Amino acid sequence: MSEIHHPSSHPSDKQLNLARRATTGLLATGLIPSLLFTLTSRPARSQVILNETPVTLTVEGYGNATAGATREVASVRGQAPDPLLFDGAARVLARLRIFNGPDIGARVVVERSTNHVRLSEASVLLFGSAGRLEIGKRMGLPDVLTGYAPNSFAFTTAEFGPPTGRSLDPGGGLQTQFLQGALRSRLEPLAARGVTASLFNDESLKVLYVLPKHNGWLGGVSFATDAEDPRFDRLAQSGLVHESYWHQNVWRWGGTYAHAHERADKAHDGAILRDLNSVSLGTSVVLNDSLDIGIAASYDGASGTSRLALGNAASPALGATGSLNYNAGPWTVGGYYQYARAQATGSRTGNDRLSAFEVGASYRFTTRLRLYGAWFLYDLANDGVDSNSVPGDGSVFTLGLRATL
C-alpha cells in the first residue's frame, strides 16, 4: 500500500487496482459503529472513516512542503518568490445512506497555502445507481470523492509529484511558483494547454452530474453561471472517457470540452472577447501496473481572444503533452514534454510559444511520508515584434516532502 497515485506493483493488488479505476469514490461500510484507519492500494489513501450507520464520515488530510531554486536569464526582474512553499488541506465527506433511495452527502475542502487559507470546495450531493449529482463550489469534471486518484479525464501526469495541491503535472502550478511574477504570468497560461480543455480546474459555484460507469465508459457534465476566470460568465463543461482492462493493463482514451461565454459587462484589456470553445483529446496506457504512458492535445483556436484585428492575426491556440512514468517498489520516476502556443496576453503582439521538459523522481519512506524532486526546463519565445521582451529559457529545481493523515 502506498499513498501515491500510481499502480501497485504487487500482484495481489491487481483486482483492487482495476476496481479503483472502474469506480468513483469508494467509501467504507460496516454493521457496527467503528473508527477505522484505512490504508488502501492504488491510489493509496490515508483516511479516518467514522461509520455510524446510516451515516459515514470520511476525513482526509495532507501537507506538501516544497523548496525551489531557479536559473533565469539576467533580463528577468522583479521581487524574488519565496524559496519554500507549503500546501495543505483537510477534506471531509459525509454520506447519509437512504434505504430504497439515493444517498445524500456533503463535501467540504479547506486548503492552506504559504500565504492564506481558503474554502476551495463545498457541495451537496445525491448519489445512487443513476450516477452522482452535485451542487456547489467544485471542479466541473471530478470523478472521485475520496482518495488521491488521478483525474480520469486527464491523460498526462507527473506521478512522482504530489497528487493534490499544487502539483508537478503539466500546468500543475508548483514548479512555476518559484519564477518571478512577470515571467510566471506569461508562462502559466501556456503551461495549462495540451492537457485538458481550458478552465478545467475552475472551482466556481456550479451544478454537475457524473454518470455511473458502464462497460468502461465514464462521462460528466457541468454548468456554472459565473466562472472564476474574470473574462467569462457562463461556463459549460463535459467529458467522456473509456477504459479497457486486460491482465494488469489498462487503456484509457477520451476527451473534454468547455464553452465559456464572454462577460458582456466587462471588456478585457479594453477589448471585447470571443466566446471560448476549447476541446482536448488524449489516451494513456498502464502496462503491468507499473509503466504509464500518456499523450494529450488541446485546441482553442481563436476563441477566447480579442475581437480586434490584432487578435485576428494571431495563430490558433493549441498545445500537446506526452508523459512517461515508471513505478518500482517505493520508487517512481518519470517525466513529460510539453509544447504550447497562444496569442500573447495584454497589449503584446504575436504568439507566445512554450517548449517545456520535466524529469523527476519520488521515494516513499512509509505509506504516509514521501520525498519528491524534479527538474523543470522551459523555453519561452515570441514570434512578433515583442520577441525581445520574452525572457527566453530557464529551469527550476524542486525538492519536497509530502505527508498524509
# chains A, B, ... in the order shown; residues from 1 in each chain; ligands from 1
$ residues_around --residues "Arg341 of chain A" --least-positions-apart "4" --cutoff "7 Å" --atoms "only C-alpha atoms" --output "short mmCIF file (atom, residue, chain, number, x, y, z; two decimals) with N, CA and C atoms, in the first residue's frame"
data_model
loop_
_atom_site.label_atom_id
_atom_site.label_comp_id
_atom_site.auth_asym_id
_atom_site.auth_seq_id
_atom_site.Cartn_x
_atom_site.Cartn_y
_atom_site.Cartn_z
N LEU A 190 0.26 29.26 -20.85
CA LEU A 190 0.71 28.30 -21.86
C LEU A 190 0.87 26.91 -21.26
N ALA A 317 -4.66 28.95 -30.84
CA ALA A 317 -4.09 28.49 -29.58
C ALA A 317 -4.21 26.97 -29.51
N LEU A 318 -3.10 26.31 -29.18
CA LEU A 318 -3.10 24.85 -29.10
C LEU A 318 -1.97 24.38 -28.19
N GLY A 319 -1.98 23.11 -27.87
CA GLY A 319 -0.93 22.54 -27.04
C GLY A 319 -0.94 21.03 -27.11
N ASN A 351 2.54 35.68 -31.13
CA ASN A 351 2.22 34.49 -30.36
C ASN A 351 3.35 34.16 -29.39
N ASP A 352 2.98 33.79 -28.18
CA ASP A 352 3.94 33.23 -27.24
C ASP A 352 3.99 31.72 -27.47
N ARG A 353 5.20 31.17 -27.39
CA ARG A 353 5.37 29.73 -27.56
C ARG A 353 6.17 29.17 -26.38
N LEU A 354 5.74 28.02 -25.89
CA LEU A 354 6.41 27.37 -24.77
C LEU A 354 6.82 25.96 -25.16
#
$ closest_atom_pairs --of "segment 88-174 of chain A" --to "segment 216-238 of chain A" --cutoff "9 Å" --atoms "only C-alpha atoms" --output "tab-separated table"
residue	atom	partner	partner_atom	distance
A:Met139	CA	A:Ser222	CA	8.8
A:Gly140	CA	A:Ser222	CA	5.3
A:Leu141	CA	A:Gly220	CA	6.1
A:Pro142	CA	A:Gly220	CA	8.2
A:Asp143	CA	A:Gly220	CA	8.2
A:Ser152	CA	A:Leu218	CA	8.5
A:Phe153	CA	A:Gly219	CA	8.9
$ closest_atom_pairs --of "segment 299-366 of chain A" --to "segment 195-203 of chain A" --cutoff "10 Å" --atoms "only C-alpha atoms" --output "JSON lines"
{"residue": "A:Tyr299", "atom": "CA", "partner": "A:Ala197", "partner_atom": "CA", "distance": 7.7}
{"residue": "A:Asp300", "atom": "CA", "partner": "A:Ser198", "partner_atom": "CA", "distance": 7.8}
{"residue": "A:Gly304", "atom": "CA", "partner": "A:Ser198", "partner_atom": "CA", "distance": 9.9}
{"residue": "A:Gly319", "atom": "CA", "partner": "A:Val195", "partner_atom": "CA", "distance": 7.6}
{"residue": "A:Ala320", "atom": "CA", "partner": "A:Val195", "partner_atom": "CA", "distance": 6.9}
{"residue": "A:Thr321", "atom": "CA", "partner": "A:Val195", "partner_atom": "CA", "distance": 6.4}
{"residue": "A:Gly322", "atom": "CA", "partner": "A:Val195", "partner_atom": "CA", "distance": 9.0}
{"residue": "A:Gln338", "atom": "CA", "partner": "A:Val195", "partner_atom": "CA", "distance": 9.0}
$ write_last_selection --atoms "N, CA and C atoms" --output "PDB file, in the first residue's frame"
ATOM      1  N   TYR A 299      -7.061  22.242 -28.176  1.00  0.00           N
ATOM      2  CA  TYR A 299      -7.181  23.237 -29.254  1.00  0.00           C
ATOM      3  C   TYR A 299      -8.272  24.235 -28.876  1.00  0.00           C
ATOM      4  N   ASP A 300      -7.896  25.509 -28.829  1.00  0.00           N
ATOM      5  CA  ASP A 300      -8.857  26.584 -28.586  1.00  0.00           C
ATOM      6  C   ASP A 300      -9.091  27.436 -29.829  1.00  0.00           C
ATOM      7  N   GLY A 304     -11.951  32.830 -27.296  1.00  0.00           N
ATOM      8  CA  GLY A 304     -11.477  33.379 -26.040  1.00  0.00           C
ATOM      9  C   GLY A 304     -10.501  34.523 -26.178  1.00  0.00           C
ATOM     10  N   GLY A 319      -1.981  23.110 -27.869  1.00  0.00           N
ATOM     11  CA  GLY A 319      -0.926  22.545 -27.044  1.00  0.00           C
ATOM     12  C   GLY A 319      -0.937  21.030 -27.114  1.00  0.00           C
ATOM     13  N   ALA A 320       0.182  20.418 -26.751  1.00  0.00           N
ATOM     14  CA  ALA A 320       0.305  18.965 -26.735  1.00  0.00           C
ATOM     15  C   ALA A 320       1.270  18.560 -25.626  1.00  0.00           C
ATOM     16  N   THR A 321       1.000  17.417 -24.998  1.00  0.00           N
ATOM     17  CA  THR A 321       1.865  16.899 -23.942  1.00  0.00           C
ATOM     18  C   THR A 321       2.025  15.391 -24.114  1.00  0.00           C
ATOM     19  N   GLY A 322       3.153  14.890 -23.633  1.00  0.00           N
ATOM     20  CA  GLY A 322       3.405  13.457 -23.577  1.00  0.00           C
ATOM     21  C   GLY A 322       4.135  13.145 -22.290  1.00  0.00           C
ATOM     22  N   GLN A 338       6.176  19.163 -23.175  1.00  0.00           N
ATOM     23  CA  GLN A 338       5.010  19.976 -23.495  1.00  0.00           C
ATOM     24  C   GLN A 338       5.363  21.042 -24.522  1.00  0.00           C
TER      25      GLN A 338
END
$ residues_around --residues "segment 155-159 of chain A" --least-positions-apart "3" --cutoff "8 Å" --atoms "only C-alpha atoms" --output "MDAnalysis selection string"
chainID A and resid 4:6 152 162:163 168:170 195 252:253 282:284 293:296 321:325 332:336 360
$ select_by_dssp --residues "segment 172-403 of chain A" --states "strand (DSSP E or B)" --output "NGL selection string"
:A and (173 or 205-210 or 214 or 217-224 or 232-246 or 249-262 or 268 or 271 or 273 or 276-287 or 291-301 or 306 or 317-328 or 331-343 or 351-366 or 369-382 or 392-403)
$ residues_around --residues "Leu133 of chain A" --least-positions-apart "6" --cutoff "6 Å" --atoms "only C-alpha atoms" --output "PyMOL selection string"
chain A and resi 125-126+208-209
$ write_last_selection --atoms "C-alpha atoms" --output "PDB file, in the first residue's frame"
ATOM      1  CA  LEU A 125     -24.559  15.535  -3.336  1.00  0.00           C
ATOM      2  CA  LEU A 126     -27.090  12.937  -4.383  1.00  0.00           C
ATOM      3  CA  LEU A 208     -22.514  18.902 -12.156  1.00  0.00           C
ATOM      4  CA  TYR A 209     -23.554  15.366 -12.978  1.00  0.00           C
TER       5      TYR A 209
END
$ atom_distance --atom1 "atom CA of His259 of chain A" --atom2 "atom CA of Leu174 of chain A"
26.6 Å
$ closest_residue --among "A:Val59, A:Leu371, A:Val117, A:Ala192" --to "Ala340 of chain A" --atoms "only C-alpha atoms"
A:Ala192
$ closest_residue --among "A:Arg263, A:His214, A:Lys137, A:Asn249" --to "Ser290 of chain A" --atoms "only C-alpha atoms"
A:Asn249
$ decode --residues "segment 234-317 of chain A" --atoms "C-alpha atoms" --output "PDB file, in the first residue's frame"
ATOM      1  CA  ARG A 234     -21.425  31.173 -18.107  1.00  0.00           C
ATOM      2  CA  LEU A 235     -19.308  28.037 -18.333  1.00  0.00           C
ATOM      3  CA  ALA A 236     -20.370  24.611 -19.615  1.00  0.00           C
ATOM      4  CA  GLN A 237     -18.015  21.612 -19.387  1.00  0.00           C
ATOM      5  CA  SER A 238     -18.275  17.983 -20.474  1.00  0.00           C
ATOM      6  CA  GLY A 239     -16.021  14.954 -20.618  1.00  0.00           C
ATOM      7  CA  LEU A 240     -16.147  11.347 -21.791  1.00  0.00           C
ATOM      8  CA  VAL A 241     -13.585   8.571 -21.333  1.00  0.00           C
ATOM      9  CA  HIS A 242     -13.451   4.830 -21.930  1.00  0.00           C
ATOM     10  CA  GLU A 243     -11.309   2.277 -20.095  1.00  0.00           C
ATOM     11  CA  SER A 244     -10.375  -1.244 -21.205  1.00  0.00           C
ATOM     12  CA  TYR A 245      -8.742  -3.816 -18.916  1.00  0.00           C
ATOM     13  CA  TRP A 246      -6.718  -6.949 -19.586  1.00  0.00           C
ATOM     14  CA  HIS A 247      -4.475  -8.747 -17.115  1.00  0.00           C
ATOM     15  CA  GLN A 248      -2.721  -5.938 -15.190  1.00  0.00           C
ATOM     16  CA  ASN A 249      -3.034  -3.433 -18.030  1.00  0.00           C
ATOM     17  CA  VAL A 250      -5.411  -0.514 -18.550  1.00  0.00           C
ATOM     18  CA  TRP A 251      -6.042   1.556 -21.688  1.00  0.00           C
ATOM     19  CA  ARG A 252      -7.922   4.862 -21.436  1.00  0.00           C
ATOM     20  CA  TRP A 253      -8.961   7.297 -24.139  1.00  0.00           C
ATOM     21  CA  GLY A 254     -11.349  10.205 -24.359  1.00  0.00           C
ATOM     22  CA  GLY A 255     -11.606  13.968 -24.194  1.00  0.00           C
ATOM     23  CA  THR A 256     -13.068  17.091 -22.625  1.00  0.00           C
ATOM     24  CA  TYR A 257     -14.869  20.175 -23.937  1.00  0.00           C
ATOM     25  CA  ALA A 258     -15.507  23.626 -22.468  1.00  0.00           C
ATOM     26  CA  HIS A 259     -17.651  26.525 -23.678  1.00  0.00           C
ATOM     27  CA  ALA A 260     -17.491  29.868 -21.856  1.00  0.00           C
ATOM     28  CA  HIS A 261     -19.495  32.984 -22.688  1.00  0.00           C
ATOM     29  CA  GLU A 262     -17.582  36.260 -22.713  1.00  0.00           C
ATOM     30  CA  ARG A 263     -18.599  38.635 -19.949  1.00  0.00           C
ATOM     31  CA  ALA A 264     -20.676  41.289 -21.674  1.00  0.00           C
ATOM     32  CA  ASP A 265     -20.478  43.769 -18.793  1.00  0.00           C
ATOM     33  CA  LYS A 266     -16.666  43.898 -18.698  1.00  0.00           C
ATOM     34  CA  ALA A 267     -14.147  44.286 -21.505  1.00  0.00           C
ATOM     35  CA  HIS A 268     -10.762  42.631 -21.063  1.00  0.00           C
ATOM     36  CA  ASP A 269      -7.779  44.926 -21.643  1.00  0.00           C
ATOM     37  CA  GLY A 270     -10.139  47.322 -23.413  1.00  0.00           C
ATOM     38  CA  ALA A 271     -11.324  44.721 -25.951  1.00  0.00           C
ATOM     39  CA  ILE A 272     -14.400  42.552 -26.346  1.00  0.00           C
ATOM     40  CA  LEU A 273     -13.575  38.849 -26.384  1.00  0.00           C
ATOM     41  CA  ARG A 274     -14.827  35.959 -28.433  1.00  0.00           C
ATOM     42  CA  ASP A 275     -16.628  33.154 -26.610  1.00  0.00           C
ATOM     43  CA  LEU A 276     -14.328  30.317 -25.581  1.00  0.00           C
ATOM     44  CA  ASN A 277     -14.619  26.912 -27.235  1.00  0.00           C
ATOM     45  CA  SER A 278     -11.917  24.510 -26.082  1.00  0.00           C
ATOM     46  CA  VAL A 279     -11.516  20.799 -26.811  1.00  0.00           C
ATOM     47  CA  SER A 280      -8.966  18.194 -25.745  1.00  0.00           C
ATOM     48  CA  LEU A 281      -8.281  14.572 -26.665  1.00  0.00           C
ATOM     49  CA  GLY A 282      -5.960  12.096 -25.017  1.00  0.00           C
ATOM     50  CA  THR A 283      -5.046   8.497 -24.365  1.00  0.00           C
ATOM     51  CA  SER A 284      -2.949   6.597 -21.846  1.00  0.00           C
ATOM     52  CA  VAL A 285      -1.926   3.009 -21.193  1.00  0.00           C
ATOM     53  CA  VAL A 286      -0.774   1.373 -17.963  1.00  0.00           C
ATOM     54  CA  LEU A 287       1.293  -1.769 -18.506  1.00  0.00           C
ATOM     55  CA  ASN A 288       1.782  -4.381 -15.786  1.00  0.00           C
ATOM     56  CA  ASP A 289       0.619  -1.908 -13.147  1.00  0.00           C
ATOM     57  CA  SER A 290       3.964  -0.122 -13.386  1.00  0.00           C
ATOM     58  CA  LEU A 291       4.582   1.713 -16.679  1.00  0.00           C
ATOM     59  CA  ASP A 292       2.235   4.611 -17.521  1.00  0.00           C
ATOM     60  CA  ILE A 293       2.421   6.293 -20.956  1.00  0.00           C
ATOM     61  CA  GLY A 294       0.122   9.177 -21.882  1.00  0.00           C
ATOM     62  CA  ILE A 295      -0.372  11.723 -24.654  1.00  0.00           C
ATOM     63  CA  ALA A 296      -2.877  14.579 -24.955  1.00  0.00           C
ATOM     64  CA  ALA A 297      -3.617  17.648 -27.052  1.00  0.00           C
ATOM     65  CA  SER A 298      -5.908  20.658 -26.766  1.00  0.00           C
ATOM     66  CA  TYR A 299      -7.181  23.237 -29.254  1.00  0.00           C
ATOM     67  CA  ASP A 300      -8.857  26.584 -28.586  1.00  0.00           C
ATOM     68  CA  GLY A 301      -8.333  28.174 -31.998  1.00  0.00           C
ATOM     69  CA  ALA A 302      -9.015  31.899 -31.878  1.00  0.00           C
ATOM     70  CA  SER A 303     -11.801  31.509 -29.306  1.00  0.00           C
ATOM     71  CA  GLY A 304     -11.477  33.379 -26.040  1.00  0.00           C
ATOM     72  CA  THR A 305      -9.293  36.070 -27.643  1.00  0.00           C
ATOM     73  CA  SER A 306      -9.842  39.715 -28.539  1.00  0.00           C
ATOM     74  CA  ARG A 307     -12.133  40.528 -31.469  1.00  0.00           C
ATOM     75  CA  LEU A 308      -9.736  43.278 -32.573  1.00  0.00           C
ATOM     76  CA  ALA A 309      -7.695  42.868 -35.727  1.00  0.00           C
ATOM     77  CA  LEU A 310      -4.617  42.211 -33.611  1.00  0.00           C
ATOM     78  CA  GLY A 311      -6.257  39.086 -32.201  1.00  0.00           C
ATOM     79  CA  ASN A 312      -7.474  38.029 -35.628  1.00  0.00           C
ATOM     80  CA  ALA A 313      -3.873  37.927 -36.888  1.00  0.00           C
ATOM     81  CA  ALA A 314      -2.725  35.559 -34.134  1.00  0.00           C
ATOM     82  CA  SER A 315      -2.259  31.871 -34.775  1.00  0.00           C
ATOM     83  CA  PRO A 316      -4.712  29.371 -33.237  1.00  0.00           C
ATOM     84  CA  ALA A 317      -4.090  28.485 -29.581  1.00  0.00           C
TER      85      ALA A 317
END
